[in-house]
file query-v6.txt (compact mmCIF, C-alpha atoms and all ligand atoms)
# COMPACT_ATOMS: atom_id res chain seq x y z
CA MET A 86 142.77 116.31 130.44
CA PRO A 87 143.74 115.35 126.87
CA THR A 88 141.54 112.98 124.89
CA PRO A 89 142.19 109.21 125.09
CA PRO A 90 144.46 107.71 122.44
CA THR A 91 143.17 105.50 119.61
CA PHE A 92 144.53 102.41 117.87
CA ALA A 93 146.25 104.70 115.33
CA ASP A 94 148.29 106.07 118.25
CA VAL A 95 149.26 102.51 119.22
CA GLN A 96 150.44 101.90 115.64
CA ALA A 97 152.44 105.15 115.68
CA ALA A 98 153.97 104.13 119.02
CA ALA A 99 155.01 100.79 117.52
CA GLU A 100 156.98 102.68 114.85
CA ARG A 101 158.66 104.91 117.44
CA ILE A 102 159.79 102.10 119.74
CA ARG A 103 160.97 99.82 116.94
CA GLY A 104 164.65 99.03 117.40
CA HIS A 105 164.61 100.42 120.96
CA ALA A 106 162.18 98.15 122.81
CA HIS A 107 162.55 94.38 122.53
CA ARG A 108 159.96 92.45 120.61
CA THR A 109 159.38 90.01 123.48
CA PRO A 110 158.64 86.33 122.89
CA VAL A 111 155.20 84.73 122.95
CA LEU A 112 155.68 81.46 124.85
CA THR A 113 153.42 78.43 124.97
CA SER A 114 153.50 75.35 127.18
CA ARG A 115 151.91 72.03 126.28
CA ARG A 116 151.99 71.02 129.89
CA ILE A 117 150.11 74.12 131.07
CA ASP A 118 147.66 73.77 128.17
CA ALA A 119 147.00 70.19 129.26
CA GLU A 120 146.50 71.29 132.87
CA THR A 121 144.16 74.19 132.07
CA GLY A 122 142.39 72.72 129.03
CA ALA A 123 142.91 75.98 127.08
CA HIS A 124 145.51 77.08 124.51
CA LEU A 125 147.52 79.78 126.22
CA TYR A 126 149.75 82.39 124.55
CA PHE A 127 152.01 84.14 127.07
CA LYS A 128 153.32 87.56 125.99
CA CYS A 129 156.47 87.71 128.10
CA GLU A 130 157.24 91.30 129.04
CA ASN A 131 159.46 90.03 131.84
CA PHE A 132 161.98 89.88 128.96
CA GLN A 133 161.42 93.56 128.03
CA ARG A 134 164.23 96.08 128.62
CA MET A 135 164.45 96.97 132.32
CA GLY A 136 162.28 93.94 132.99
CA ALA A 137 158.74 95.18 132.35
CA PHE A 138 156.40 96.51 129.67
CA LYS A 139 156.70 100.05 131.09
CA PHE A 140 159.68 100.78 128.82
CA ARG A 141 157.25 100.90 125.88
CA GLY A 142 155.10 103.73 127.21
CA ALA A 143 158.03 105.65 128.65
CA PHE A 144 160.04 105.53 125.44
CA ASN A 145 157.02 106.48 123.32
CA ALA A 146 156.21 109.46 125.55
CA LEU A 147 159.79 110.77 125.66
CA SER A 148 160.33 110.38 121.90
CA ARG A 149 157.49 112.85 121.37
CA PHE A 150 159.20 115.63 123.38
CA ASP A 151 160.08 118.73 121.37
CA GLU A 152 163.54 120.31 121.51
CA ALA A 153 162.75 122.59 124.47
CA GLN A 154 161.22 119.72 126.48
CA ARG A 155 164.23 117.52 125.76
CA ARG A 156 166.61 120.17 126.99
CA ALA A 157 164.66 120.92 130.18
CA GLY A 158 164.10 117.28 131.13
CA VAL A 159 161.45 114.90 132.41
CA VAL A 160 160.13 114.28 135.92
CA THR A 161 158.05 111.41 137.23
CA TYR A 162 157.04 109.77 140.48
CA SER A 163 156.87 106.04 141.13
CA SER A 164 158.48 103.55 143.47
CA GLY A 165 158.52 100.89 140.81
CA ASN A 166 159.01 99.97 137.20
CA HIS A 167 157.83 103.24 135.64
CA SER A 168 160.75 105.09 137.28
CA GLN A 169 163.28 102.71 135.84
CA ALA A 170 161.54 102.86 132.46
CA ILE A 171 161.66 106.67 132.36
CA ALA A 172 165.27 106.68 133.58
CA LEU A 173 166.37 104.22 130.88
CA ALA A 174 164.37 105.83 128.05
CA ALA A 175 165.70 109.27 129.08
CA SER A 176 169.28 108.04 129.07
CA ILE A 177 168.85 106.57 125.57
CA LEU A 178 167.31 109.81 124.28
CA ASP A 179 169.78 112.01 126.18
CA ILE A 180 167.10 113.75 128.23
CA PRO A 181 167.80 114.68 131.88
CA ALA A 182 165.46 112.77 134.21
CA THR A 183 164.35 113.40 137.80
CA ILE A 184 162.51 110.67 139.67
CA VAL A 185 160.52 111.31 142.85
CA MET A 186 160.80 108.17 145.03
CA PRO A 187 159.77 107.41 148.62
CA HIS A 188 162.45 107.24 151.35
CA ASP A 189 161.55 103.59 151.89
CA ALA A 190 161.73 102.53 148.22
CA PRO A 191 163.73 99.28 147.80
CA GLU A 192 167.41 100.18 147.50
CA SER A 193 167.74 97.94 144.43
CA LYS A 194 165.18 100.11 142.61
CA VAL A 195 166.83 103.36 143.69
CA ALA A 196 170.20 101.98 142.61
CA ALA A 197 168.82 100.89 139.23
CA THR A 198 167.29 104.32 138.66
CA LEU A 199 170.55 106.11 139.61
CA GLY A 200 172.44 103.60 137.47
CA TYR A 201 170.55 104.82 134.39
CA GLY A 202 171.84 108.33 135.16
CA ALA A 203 168.64 109.84 136.59
CA SER A 204 168.50 112.12 139.66
CA VAL A 205 166.39 110.87 142.54
CA VAL A 206 164.39 113.18 144.85
CA ARG A 207 163.23 111.38 148.01
CA TYR A 208 159.97 112.06 149.84
CA ASP A 209 158.07 110.73 152.83
CA ARG A 210 155.13 108.69 151.58
CA TYR A 211 153.20 109.12 154.83
CA THR A 212 153.32 112.93 155.03
CA GLU A 213 153.98 114.13 151.48
CA ASP A 214 152.08 113.86 148.20
CA ARG A 215 154.28 112.61 145.37
CA GLU A 216 152.05 114.01 142.64
CA GLU A 217 152.28 117.45 144.23
CA ILE A 218 156.07 117.20 144.43
CA GLY A 219 156.20 116.12 140.79
CA ARG A 220 153.99 118.99 139.69
CA ALA A 221 155.96 121.50 141.78
CA LEU A 222 159.26 120.35 140.24
CA ALA A 223 157.73 120.57 136.78
CA ALA A 224 156.51 124.12 137.40
CA GLU A 225 159.74 125.27 139.07
CA LYS A 226 162.31 123.74 136.73
CA GLY A 227 160.38 123.50 133.48
CA TYR A 228 160.43 119.69 133.47
CA THR A 229 157.72 117.78 131.62
CA LEU A 230 155.79 115.42 133.88
CA VAL A 231 155.18 111.92 132.51
CA PRO A 232 152.93 110.08 134.98
CA PRO A 233 152.84 106.26 135.11
CA TYR A 234 149.48 105.60 133.41
CA ASP A 235 147.26 108.66 132.97
CA HIS A 236 148.89 109.86 129.76
CA PRO A 237 147.91 109.23 126.09
CA ASP A 238 151.45 108.44 124.89
CA VAL A 239 152.04 106.06 127.80
CA ILE A 240 148.80 104.18 127.08
CA ALA A 241 149.56 104.01 123.33
CA GLY A 242 153.05 102.67 124.06
CA GLN A 243 151.74 99.97 126.41
CA GLY A 244 149.26 98.91 123.69
CA THR A 245 152.14 97.80 121.46
CA ALA A 246 152.68 94.68 123.61
CA THR A 247 149.20 93.40 122.77
CA MET A 248 149.58 94.42 119.13
CA GLU A 249 152.68 92.22 118.90
CA LEU A 250 150.89 89.39 120.68
CA PHE A 251 148.05 89.34 118.12
CA GLU A 252 150.54 89.52 115.25
CA GLU A 253 151.99 86.27 116.51
CA SER A 254 148.98 84.42 117.93
CA GLY A 255 146.28 85.42 115.42
CA GLU A 256 142.68 85.61 116.68
CA LEU A 257 142.15 84.86 120.35
CA ASP A 258 138.93 84.13 122.22
CA ALA A 259 140.06 85.96 125.34
CA LEU A 260 142.89 88.14 126.59
CA PHE A 261 143.81 88.54 130.29
CA VAL A 262 145.79 91.62 131.38
CA CYS A 263 146.87 92.78 134.83
CA LEU A 264 145.44 96.03 136.12
CA GLY A 265 146.95 98.74 138.32
CA GLY A 266 146.27 102.29 137.14
CA GLY A 267 145.04 100.94 133.82
CA GLY A 268 147.72 102.00 131.31
CA LEU A 269 148.48 98.47 130.21
CA LEU A 270 144.87 97.27 130.12
CA SER A 271 143.55 100.30 128.23
CA GLY A 272 146.34 100.05 125.64
CA ALA A 273 145.66 96.33 125.31
CA ALA A 274 141.95 96.98 124.79
CA LEU A 275 142.66 99.46 121.98
CA ALA A 276 144.80 96.88 120.19
CA ALA A 277 142.34 94.03 120.79
CA ARG A 278 139.28 95.97 119.57
CA ALA A 279 141.13 96.83 116.34
CA LEU A 280 142.86 93.51 115.65
CA ALA A 281 140.52 90.91 117.17
CA PRO A 282 137.08 92.48 117.63
CA SER A 283 135.47 89.36 119.06
CA CYS A 284 138.20 88.73 121.66
CA ARG A 285 137.00 89.14 125.27
CA VAL A 286 139.34 91.49 127.13
CA VAL A 287 139.54 90.88 130.88
CA GLY A 288 141.44 92.97 133.43
CA VAL A 289 142.85 91.30 136.55
CA GLU A 290 143.60 93.16 139.78
CA PRO A 291 144.64 92.07 143.28
CA GLU A 292 141.76 90.85 145.43
CA ALA A 293 142.88 93.23 148.22
CA GLY A 294 142.39 96.27 145.95
CA ASP A 295 139.33 95.76 143.77
CA ASP A 296 138.79 99.47 143.05
CA GLY A 297 139.02 98.79 139.30
CA LEU A 298 136.22 96.24 139.44
CA ARG A 299 134.07 98.56 141.54
CA SER A 300 134.78 101.49 139.20
CA PHE A 301 133.89 99.32 136.20
CA ARG A 302 130.59 98.28 137.81
CA THR A 303 129.55 101.70 139.10
CA GLY A 304 130.75 103.79 136.16
CA SER A 305 132.82 106.22 138.22
CA ILE A 306 136.39 105.99 139.53
CA VAL A 307 136.53 104.51 143.05
CA HIS A 308 139.41 105.58 145.34
CA ILE A 309 140.78 103.20 148.01
CA ASP A 310 143.63 103.12 150.55
CA THR A 311 146.87 101.51 149.32
CA PRO A 312 145.93 97.81 149.16
CA ASP A 313 147.88 95.23 151.14
CA THR A 314 149.07 92.76 148.49
CA ILE A 315 152.29 91.20 147.22
CA ALA A 316 151.41 92.62 143.77
CA ASP A 317 153.38 95.84 144.34
CA GLY A 318 153.02 96.98 140.71
CA ALA A 319 149.24 97.12 141.15
CA GLN A 320 149.06 98.85 144.54
CA THR A 321 147.36 101.83 142.95
CA GLN A 322 144.63 103.68 144.79
CA HIS A 323 142.51 104.48 141.74
CA LEU A 324 142.34 104.09 137.95
CA GLY A 325 143.55 106.89 135.70
CA VAL A 326 140.94 109.11 134.03
CA LEU A 327 142.07 108.33 130.46
CA PRO A 328 142.51 104.58 131.03
CA PHE A 329 139.07 104.43 132.63
CA GLU A 330 137.39 106.02 129.60
CA ILE A 331 138.86 103.29 127.39
CA ILE A 332 138.31 100.48 129.89
CA ARG A 333 134.60 101.34 130.26
CA ARG A 334 134.14 101.25 126.52
CA ASP A 335 136.43 98.42 125.38
CA VAL A 336 136.96 96.00 128.27
CA ASP A 337 134.52 93.14 128.84
CA ASP A 338 135.15 92.26 132.47
CA ILE A 339 137.40 92.75 135.48
CA VAL A 340 138.23 89.92 137.88
CA THR A 341 140.58 89.55 140.87
CA ALA A 342 143.31 87.18 142.06
CA SER A 343 144.42 86.54 145.64
CA ASP A 344 148.02 86.67 146.87
CA ALA A 345 147.93 82.87 147.34
CA GLU A 346 146.90 82.43 143.71
CA LEU A 347 149.71 84.77 142.62
CA VAL A 348 152.26 82.67 144.51
CA THR A 349 150.97 79.47 142.89
CA ALA A 350 151.16 81.07 139.44
CA MET A 351 154.69 82.28 140.19
CA ARG A 352 155.72 78.71 141.06
CA VAL A 353 154.18 77.29 137.88
CA PHE A 354 155.98 79.91 135.78
CA ALA A 355 159.29 79.02 137.44
CA SER A 356 158.97 75.26 137.54
CA THR A 357 157.20 74.60 134.22
CA MET A 358 158.19 77.49 131.97
CA LYS A 359 161.51 78.32 133.68
CA ILE A 360 160.72 82.02 133.86
CA VAL A 361 160.97 84.48 136.75
CA VAL A 362 157.82 86.61 136.98
CA GLU A 363 157.21 89.25 139.64
CA PRO A 364 154.02 88.93 141.72
CA THR A 365 152.12 91.60 139.74
CA GLY A 366 153.12 89.89 136.50
CA CYS A 367 151.32 86.74 137.68
CA LEU A 368 147.86 88.37 137.94
CA ALA A 369 146.60 87.43 134.46
CA PHE A 370 147.77 83.81 134.64
CA ALA A 371 146.38 83.42 138.17
CA ALA A 372 142.93 84.48 136.90
CA VAL A 373 143.17 82.14 133.89
CA ARG A 374 143.98 79.25 136.23
CA ARG A 375 141.01 80.11 138.44
CA LEU A 376 138.63 80.43 135.47
CA ALA A 377 140.04 77.47 133.50
CA ALA A 378 136.71 75.59 133.50
CA ASP A 379 135.11 78.48 131.56
CA LEU A 380 138.00 78.69 129.10
CA ALA A 381 138.14 75.04 128.00
CA GLY A 382 139.22 74.70 124.37
CA GLN A 383 139.66 78.46 123.94
CA ARG A 384 142.66 80.35 122.60
CA VAL A 385 143.65 82.70 125.39
CA GLY A 386 146.27 85.48 125.57
CA VAL A 387 148.03 86.04 128.89
CA LEU A 388 149.98 89.25 129.38
CA VAL A 389 152.98 88.59 131.62
CA SER A 390 153.84 92.14 132.62
CA GLY A 391 157.24 91.99 134.32
CA GLY A 392 159.94 90.08 136.13
CA ASN A 393 161.50 92.55 138.56
CA VAL A 394 161.64 90.83 141.92
CA ASP A 395 164.61 90.56 144.29
CA LEU A 396 165.94 87.00 144.25
CA ALA A 397 165.60 86.66 148.03
CA ARG A 398 161.95 87.70 147.86
CA PHE A 399 161.34 85.41 144.89
CA ALA A 400 162.89 82.48 146.74
CA ALA A 401 160.86 83.21 149.89
CA LEU A 402 157.61 83.40 147.92
CA VAL A 403 158.08 80.27 145.79
CA THR A 404 159.16 78.15 148.74
CA SER A 405 156.47 79.47 151.12
C1 LIG A 501 152.91 99.02 136.32
C2 LIG A 501 152.77 97.56 136.30
C3 LIG A 501 151.51 96.95 136.21
C4 LIG A 501 150.23 97.73 136.19
O1 LIG A 501 150.13 98.55 135.05
P1 LIG A 501 149.10 99.76 134.94
O2 LIG A 501 149.37 100.38 133.64
O3 LIG A 501 149.39 100.68 136.12
O4 LIG A 501 147.74 99.18 135.07
C5 LIG A 501 151.46 95.57 136.14
N1 LIG A 501 152.58 94.81 136.17
C6 LIG A 501 153.81 95.36 136.27
C7 LIG A 501 155.00 94.46 136.29
C8 LIG A 501 153.96 96.74 136.33
O5 LIG A 501 155.18 97.29 136.42
call {"tool": "encode", "arguments": {"input": "query-v6.txt", "output": "structure tokens", "more": "lines below"}}
Ligand SMILES: *Cc1c(COP(=O)(O)O)cnc(C)c1O
result
Amino acid sequence: MPTPPTFADVQAAAERIRGHAHRTPVLTSRRIDAETGAHLYFKCENFQRMGAFKFRGAFNALSRFDEAQRRAGVVTYSSGNHSQAIALAASILDIPATIVMPHDAPESKVAATLGYGASVVRYDRYTEDREEIGRALAAEKGYTLVPPYDHPDVIAGQGTATMELFEESGELDALFVCLGGGGLLSGAALAARALAPSCRVVGVEPEAGDDGLRSFRTGSIVHIDTPDTIADGAQTQHLGVLPFEIIRRDVDDIVTASDAELVTAMRVFASTMKIVVEPTGCLAFAAVRRLAADLAGQRVGVLVSGGNVDLARFAALVTS
């Protein structure tokens, strides 16, 4: 395993993605501030290219490929946003991409991945191991594997979202970030420790899958079965090794949010701020709403991680 990245790697990533990734807006809402009693700064990665922060890490990782790696291509496995991020970054950099996706992946995601020019290899998620397939393809074809979170360049790239947030908001008392495998949270923690040392950094994961919280408390990575939650971007079974090293050192706390709280947050985003946020992207705001009494008067950053949700599913959730 390589060593974890540092804030200098986040700064280098910011240079690499400049002009390729969007500098997403930081939104505020007087109405939500009045309701929560805190001053909230929403970093809106639902407006990032391909609809989620994952473009940052993917583009940073692929821009570091040498000539031979570029020619051979990249492989990754994911049913969600990381696949689309790798596919888009690869198409921009002219690198062939192969994405390992389950047979039952949503057709819209498969279509989006194919639309960016990537090849898709399907597998059965009940009988086959996607990581094994990814590694086998890498070994056989000479592809470079870029996993969704356990990679230094991916973590450094994800950290640029928080770096941009602090550049706009100035010092914050607390920062809430959603947590799946830990790429986004660990990158955020690197940026926060460097730019706002006194800011409390809090990770938020689905209540149904609190492996991150248990890992944080026990000091070793806890593995769980795929959690049953609407937060599909955080249905990870365990934290990454590199993210966990950073999270243990630089994160102050991990909390959870229930599916019901995610739906409420999704409605508030839509009705008050007029933005479409996918269930996983609502984790941080859901936790802030739950903990509002403790955050009164504080300046709080909220990382809104993505907005990729089918309209029919969005409609069903917000009207449920
Ligand atoms: C991947 C993803 C997450 C979780 O990020 P990790 O780096 O795996 O912790 C959260 N929200 C969205 C929208 C995602 O795509």
call {"tool": "residues_near_point", "arguments": {"input": "query-v6.txt", "point": "(158.1, 105.7, 141.3)", "cutoff": "8 Å", "atoms": "only C-alpha atoms", "output": "ChimeraX atom specification"}}
result
/A:161-168,184-187
call {"tool": "residues_around", "arguments": {"input": "query-v6.txt", "residues": "Ala400 of chain A", "least_positions_apart": "2", "cutoff": "12 Å", "atoms": "all atoms listed in the file", "output": "MDAnalysis selection string"}}
result
chainID A and resid 348 351:352 355 361:363 394:398 402:405
call {"tool": "write_last_selection", "arguments": {"input": "query-v6.txt", "atoms": "C-alpha atoms", "output": "compact mmCIF listing (two decimals), in the coordinates of the input"}}
result
# COMPACT_ATOMS: atom_id res chain seq x y z
CA VAL A 348 152.26 82.67 144.51
CA MET A 351 154.69 82.28 140.19
CA ARG A 352 155.72 78.71 141.06
CA ALA A 355 159.29 79.02 137.44
CA VAL A 361 160.97 84.48 136.75
CA VAL A 362 157.82 86.61 136.98
CA GLU A 363 157.21 89.25 139.64
CA VAL A 394 161.64 90.83 141.92
CA ASP A 395 164.61 90.56 144.29
CA LEU A 396 165.94 87.00 144.25
CA ALA A 397 165.60 86.66 148.03
CA ARG A 398 161.95 87.70 147.86
CA LEU A 402 157.61 83.40 147.92
CA VAL A 403 158.08 80.27 145.79
CA THR A 404 159.16 78.15 148.74
CA SER A 405 156.47 79.47 151.12
call {"tool": "residues_around", "arguments": {"input": "query-v6.txt", "residues": "segment 128-138 of chain A", "least_positions_apart": "6", "cutoff": "10 Å", "atoms": "all atoms listed in the file", "output": "PyMOL selection string"}}
result
chain A and resi 105-113+166-167+169-170+172-174+197+242-247+249-251+253-254+269+360-363+366+386-394
call {"tool": "atom_distance", "arguments": {"input": "query-v6.txt", "atom1": "atom CA of Ile102 of chain A", "atom2": "atom CA of Glu216 of chain A"}}
result
26.9 Å
call {"tool": "closest_residue", "arguments": {"input": "query-v6.txt", "among": "A:Ala276, A:Gly267, A:Arg333, A:Gly158", "to": "Thr303 of chain A", "atoms": "all atoms listed in the file"}}
result
A:Arg333
call {"tool": "closest_residue", "arguments": {"input": "query-v6.txt", "among": "A:Gly272, A:Pro291, A:Pro328, A:Gly265", "to": "ligand LIG 501 (chain A)", "atoms": "all atoms listed in the file"}}
result
A:Gly265
call {"tool": "axis_aligned_box", "arguments": {"input": "query-v6.txt", "around": "ligand LIG 501 (chain A)", "padding_each_side": "4 Å", "output": "AutoDock Vina command-line options"}}
result
--center_x 151.5 --center_y 97.6 --center_z 135.0 --size_x 15.4 --size_y 14.2 --size_z 10.8
call {"tool": "closest_residue", "arguments": {"input": "query-v6.txt", "among": "A:Ala175, A:Val239, A:Leu368, A:Met248", "to": "Gly318 of chain A", "atoms": "all atoms listed in the file"}}
result
A:Leu368
call {"tool": "closest_residue", "arguments": {"input": "query-v6.txt", "among": "A:Phe399, A:Phe140, A:Tyr208, A:Phe150", "to": "ligand LIG 501 (chain A)", "atoms": "only C-alpha atoms and all ligand atoms"}}
result
A:Phe140
call {"tool": "residues_around", "arguments": {"input": "query-v6.txt", "residues": "Ala119 of chain A", "least_positions_apart": "6", "cutoff": "12 Å", "atoms": "all atoms listed in the file", "output": "list of chain:residue names"}}
result
A:Thr113, A:Leu125, A:Arg374, A:Ala377, A:Ala381, A:Gly382
call {"tool": "closest_residue", "arguments": {"input": "query-v6.txt", "among": "A:Ala196, A:Cys284, A:Val353, A:Ala241", "to": "ligand LIG 501 (chain A)", "atoms": "only C-alpha atoms and all ligand atoms"}}
result
A:Ala241
call {"tool": "atom_distance", "arguments": {"input": "query-v6.txt", "atom1": "atom CA of Ala224 of chain A", "atom2": "atom CA of Val160 of chain A"}}
result
10.6 Å
call {"tool": "residues_near_point", "arguments": {"input": "query-v6.txt", "point": "(145.1, 89.0, 131.8)", "cutoff": "10 Å", "atoms": "all atoms listed in the file", "output": "VMD selection string"}}
result
chain A and resid 127 259 to 264 270 273 286 to 290 339 to 340 366 to 373 385 to 390
call {"tool": "residues_around", "arguments": {"input": "query-v6.txt", "residues": "Thr212 of chain A", "least_positions_apart": "5", "cutoff": "12 Å", "atoms": "only C-alpha atoms", "output": "JSON, numbers by chain"}}
result
{"A": [187, 188, 217, 218]}
call {"tool": "write_last_selection", "arguments": {"input": "query-v6.txt", "atoms": "C-alpha atoms", "output": "tab-separated table (two decimals), keeping the file's coordinate frame"}}
result
chain	number	residue	atom	x	y	z
A	187	PRO	CA	159.77	107.41	148.62
A	188	HIS	CA	162.45	107.24	151.35
A	217	GLU	CA	152.28	117.45	144.23
A	218	ILE	CA	156.07	117.20	144.43
